[in-house]
Structure formats: structure tokens, C-alpha cells
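For reference, the structure discussed in these notes is given below.
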Amino acid sequence: MALGKSRKYTKFQIEEKQYRLKNNILKSVPKQRSSEFRNTNNLDVDKFPSIWLAIDVLTFGDIVLMLNIMNESMLRKIAAKYGATVVEFLSWVKCLHFIRNICAHNSNLIDVKLKTKPKYRKEWTKHLYFIESKKNPINKTPTDRLAVVICIVIYLVKTINPKYQLKNIQRSISSLCNKSEDMAKLLGFNTLDDAKNISNFI
């Protein structure tokens, strides 16, 4: 699995991460119930599945790991499919991976704070709550709450499928806010109206 040179890692670090990724795939294969994984024609001499089957066993974490060690040229091509820069795209998938792990452990998304903020699109900021600096009220930074994640999800969903209906997501967000301006701000939205009209963000 040669992913090419990455300016972020040394050759040894890339090989180390590739080994971890390959190991994850090998451990996953025996757990699969599909007969395709027991067909020797679909496995190579080292028992690795064909790429089409390997896609089925990759976790979100595996995919983020692959993207992290991928060379810049390959990454640009993938990010371009979503109309994003490499920096934007990587920050978004890492953010979604973090949120996915929170959900998997049944943690509370309402109170979540992003330790590493993903890259914002300028057009999103008008819908987001801004936090004033305690030392200097003039300095304001965009929220680190759930609203940022919602922006990323809506952008990617609309990019992949412009016809996708966002009604279920909209209902859930509206329910969380419960007609409260304060709750909307707690979730990171600029106003209650912003929280109630997330489909118009992008």
C-alpha cells in the first residue's frame, strides 16, 4: 500500500502507520460474515482482501489515517472532489472522526467543545456564535461547539448529493433548541433562526 511521500512524516513514520493500517485490515477479515471474504480468489498471498472488499472493513479511523499519510498530490485530487483545499478537507474529516467517536461512546454532543477547531468557510461565520476574549472584548473567535460540525456535515452532504433532504437533521436541531435563543447560542449558532434554518447555511 504505497501512499507516496508525505511532507508531514518521515519515511519510517509512514511505514509504521501503513503497518498499523494493514494490521487493522488483517484483523478485520476473519470477523466478516460475507462469503466473499472466504473466497481465496479475493485474497492475496498475504491474506489481504481485494481493494473492493478492503473498503468494507475500513473504519472511519483507518480512512483518516490513510488520508493523513497520503501525499499532497493525491490529497488535492480527493479534496477537489468536495470543492475544498487539502487543509480544509483534512480538518473536516478529523473533526467528524472526533464527533463519531463521541457518538460511539454515547457521550453528550450538546456540551461538546472542539479541542482543535476545523477550518471555517467565510460564508458560515454569519450563522455562528462568536466568543469574546476576556482580555480584549474586541477580539472574537468563532464557536467551538456543535454548530461548526453541522456546517461541515451540511456542506459535505450537499456537495455529495444536492437533492438530499435535511429535514430530519433540521428537526433534531430545532428540538434541541426548544425555541430557546440561549440554547441555540449554547450549541454555537448565532441566533435561534440560524439554528432553525440550517439547510440555508450553504
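Ordered as shown in the C-alpha cells, chains take letters A, B, and onward, while each chain numbers its residues from 1 and ligands are numbered from 1 in the order shown.
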Might you pull out every residue within 12 Å of stretch 104-111 of chain A, with only C-alpha atoms counted and same-chain residues fewer than 3 positions away left off, and present them as a PyMOL selection string? chain A and resi 60+97-101+114+144-147+149-150+172-173+175-177+183-188
Which of stretch 29-177 of chain A DSSP labels alpha helix (DSSP H), written as a PyMOL selection string: chain A and resi 51-57+60-69+72-81+86-104+146-160+167-177
With only C-alpha atoms as the counted atoms, please give the residues lying no more than 12 Å from stretch 65-73 of chain A, apart from itself and same-chain residues fewer than 3 positions off, as a ChimeraX atom specification. /A:1-22,24,55,58-62,76-80,85-87,89-94,97
Restricting the output to C-alpha atoms, write the selected residues as a CSV table (one decimal), in the first residue's frame.
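Contents of the output file result25.csv:
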```
chain,number,residue,atom,x,y,z
A,1,MET,CA,0.0,0.0,0.0
A,2,ALA,CA,2.3,2.7,-1.2
A,3,LEU,CA,0.6,6.0,-0.5
A,4,GLY,CA,3.5,8.1,-1.7
A,5,LYS,CA,5.7,10.7,0.1
A,6,SER,CA,4.1,12.9,2.6
A,7,ARG,CA,5.8,16.1,3.8
A,8,LYS,CA,4.3,15.7,7.2
A,9,TYR,CA,6.0,12.4,8.1
A,10,THR,CA,9.4,10.7,7.6
A,11,LYS,CA,9.6,7.5,5.5
A,12,PHE,CA,9.8,5.5,8.7
A,13,GLN,CA,6.7,7.1,10.2
A,14,ILE,CA,4.7,6.4,7.0
A,15,GLU,CA,5.8,2.8,7.0
A,16,GLU,CA,4.9,2.5,10.7
A,17,LYS,CA,1.4,3.9,10.1
A,18,GLN,CA,1.0,1.7,7.0
A,19,TYR,CA,1.8,-1.3,9.1
A,20,ARG,CA,-0.8,-0.4,11.6
A,21,LEU,CA,-3.4,0.1,8.9
A,22,LYS,CA,-2.6,-3.2,7.3
A,24,ASN,CA,-6.2,-3.5,11.3
A,55,ILE,CA,-13.2,-0.8,1.7
A,58,LEU,CA,-12.0,0.0,6.9
A,59,THR,CA,-13.1,2.1,9.9
A,60,PHE,CA,-13.5,5.8,9.8
A,61,GLY,CA,-10.3,6.0,11.8
A,62,ASP,CA,-8.5,3.9,9.2
A,76,ARG,CA,-5.5,17.6,-3.6
A,77,LYS,CA,-7.4,15.4,-6.1
A,78,ILE,CA,-9.7,14.0,-3.3
A,79,ALA,CA,-10.3,17.4,-1.6
A,80,ALA,CA,-11.1,18.9,-5.0
A,85,THR,CA,-8.5,22.7,-0.1
A,86,VAL,CA,-6.3,19.9,1.4
A,87,VAL,CA,-6.1,21.8,4.8
A,89,PHE,CA,-10.7,18.7,3.9
A,90,LEU,CA,-8.3,17.1,6.4
A,91,SER,CA,-9.6,19.3,9.2
A,92,TRP,CA,-13.2,18.4,8.4
A,93,VAL,CA,-12.7,14.6,8.3
A,94,LYS,CA,-10.7,14.7,11.6
A,97,HIS,CA,-14.0,11.4,13.3
```
Give me, as a list in words, all polymer residues having an atom no more than 7 Å from A:Pro142, counting only C-alpha atoms and skipping those fewer than 3 positions away in the same chain.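 Residues near the query, excluding close chain neighbours: Leu128, Tyr129, Phe130 and Ile131 of chain A.
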Counting only C-alpha atoms, what is within 10 Å of A:Ser199, bar same-chain residues fewer than 4 positions away, as a ChimeraX atom specification? /A:150-151,154-155,158,165-167,169-170,194-195
Let's have the selection written as a PDB file, in the first residue's frame, with N, CA and C atoms.
```pdb
ATOM      1  N   ILE A 150     -22.172  20.897  12.324  1.00  0.00           N
ATOM      2  CA  ILE A 150     -23.364  20.918  11.460  1.00  0.00           C
ATOM      3  C   ILE A 150     -23.030  21.579  10.124  1.00  0.00           C
ATOM      4  N   CYS A 151     -22.265  22.654  10.153  1.00  0.00           N
ATOM      5  CA  CYS A 151     -21.852  23.331   8.916  1.00  0.00           C
ATOM      6  C   CYS A 151     -21.081  22.377   8.007  1.00  0.00           C
ATOM      7  N   ILE A 154     -23.461  19.571   6.591  1.00  0.00           N
ATOM      8  CA  ILE A 154     -24.364  20.086   5.544  1.00  0.00           C
ATOM      9  C   ILE A 154     -23.593  20.365   4.259  1.00  0.00           C
ATOM     10  N   TYR A 155     -22.414  20.970   4.399  1.00  0.00           N
ATOM     11  CA  TYR A 155     -21.611  21.264   3.206  1.00  0.00           C
ATOM     12  C   TYR A 155     -21.267  19.980   2.447  1.00  0.00           C
ATOM     13  N   LYS A 158     -24.439  18.242   0.920  1.00  0.00           N
ATOM     14  CA  LYS A 158     -24.932  18.963  -0.263  1.00  0.00           C
ATOM     15  C   LYS A 158     -23.973  18.830  -1.445  1.00  0.00           C
ATOM     16  N   GLN A 165     -32.484  15.549   1.364  1.00  0.00           N
ATOM     17  CA  GLN A 165     -33.392  16.265   2.253  1.00  0.00           C
ATOM     18  C   GLN A 165     -32.811  16.338   3.665  1.00  0.00           C
ATOM     19  N   LEU A 166     -32.730  17.528   4.203  1.00  0.00           N
ATOM     20  CA  LEU A 166     -32.124  17.733   5.521  1.00  0.00           C
ATOM     21  C   LEU A 166     -33.165  17.861   6.632  1.00  0.00           C
ATOM     22  N   LYS A 167     -34.395  17.460   6.346  1.00  0.00           N
ATOM     23  CA  LYS A 167     -35.494  17.670   7.296  1.00  0.00           C
ATOM     24  C   LYS A 167     -35.257  16.995   8.648  1.00  0.00           C
ATOM     25  N   ILE A 169     -32.398  16.195  10.125  1.00  0.00           N
ATOM     26  CA  ILE A 169     -31.363  16.919  10.874  1.00  0.00           C
ATOM     27  C   ILE A 169     -31.940  18.218  11.418  1.00  0.00           C
ATOM     28  N   GLN A 170     -32.709  18.899  10.570  1.00  0.00           N
ATOM     29  CA  GLN A 170     -33.321  20.169  10.973  1.00  0.00           C
ATOM     30  C   GLN A 170     -34.248  19.992  12.170  1.00  0.00           C
ATOM     31  N   ASP A 194     -31.022  30.962  12.988  1.00  0.00           N
ATOM     32  CA  ASP A 194     -29.944  30.226  12.315  1.00  0.00           C
ATOM     33  C   ASP A 194     -30.060  28.729  12.607  1.00  0.00           C
ATOM     34  N   ALA A 195     -30.359  28.411  13.863  1.00  0.00           N
ATOM     35  CA  ALA A 195     -30.492  27.005  14.249  1.00  0.00           C
ATOM     36  C   ALA A 195     -31.687  26.351  13.566  1.00  0.00           C
TER      37      ALA A 195
END
```
What's the separation between atom CA of A:Arg38 and atom CA of A:Ile51, in Å to one decimal place?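 Separating atom CA of A:Arg38 from atom CA of A:Ile51 is a distance of 15.0 Å.
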Selection near A:Asn197, 10 Å with only C-alpha atoms, sequence-local residues under 3 positions removed, as a PyMOL selection string: chain A and resi 127+170-171+173-174+192-194+200-201
May I have the residues from that selection written out with C-alpha atoms, as a compact mmCIF listing (two decimals), in the first residue's frame?
```txt
# COMPACT_ATOMS: atom_id res chain seq x y z
CA HIS A 127 -24.56 31.80 11.24
CA GLN A 170 -33.32 20.17 10.97
CA ARG A 171 -35.99 18.68 13.24
CA ILE A 173 -31.57 20.67 15.91
CA SER A 174 -34.86 22.55 16.39
CA LEU A 192 -32.35 30.79 17.06
CA ASP A 193 -33.33 31.49 13.45
CA ASP A 194 -29.94 30.23 12.32
CA ASN A 200 -29.80 27.57 4.20
CA PHE A 201 -26.27 27.64 5.60
```
DSSP on the backbone: what in stretch 115-161 of chain A comes out strand (DSSP E or B), as an MDAnalysis selection string? chainID A and resid 128 130:132 140:142
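Going from atom CA of A:Ile160 to atom CA of A:Phe189 covers 24.1 Å.
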Do you have the atom CA of A:Leu43-atom CA of A:Leu26 distance handy? 10.7 Å
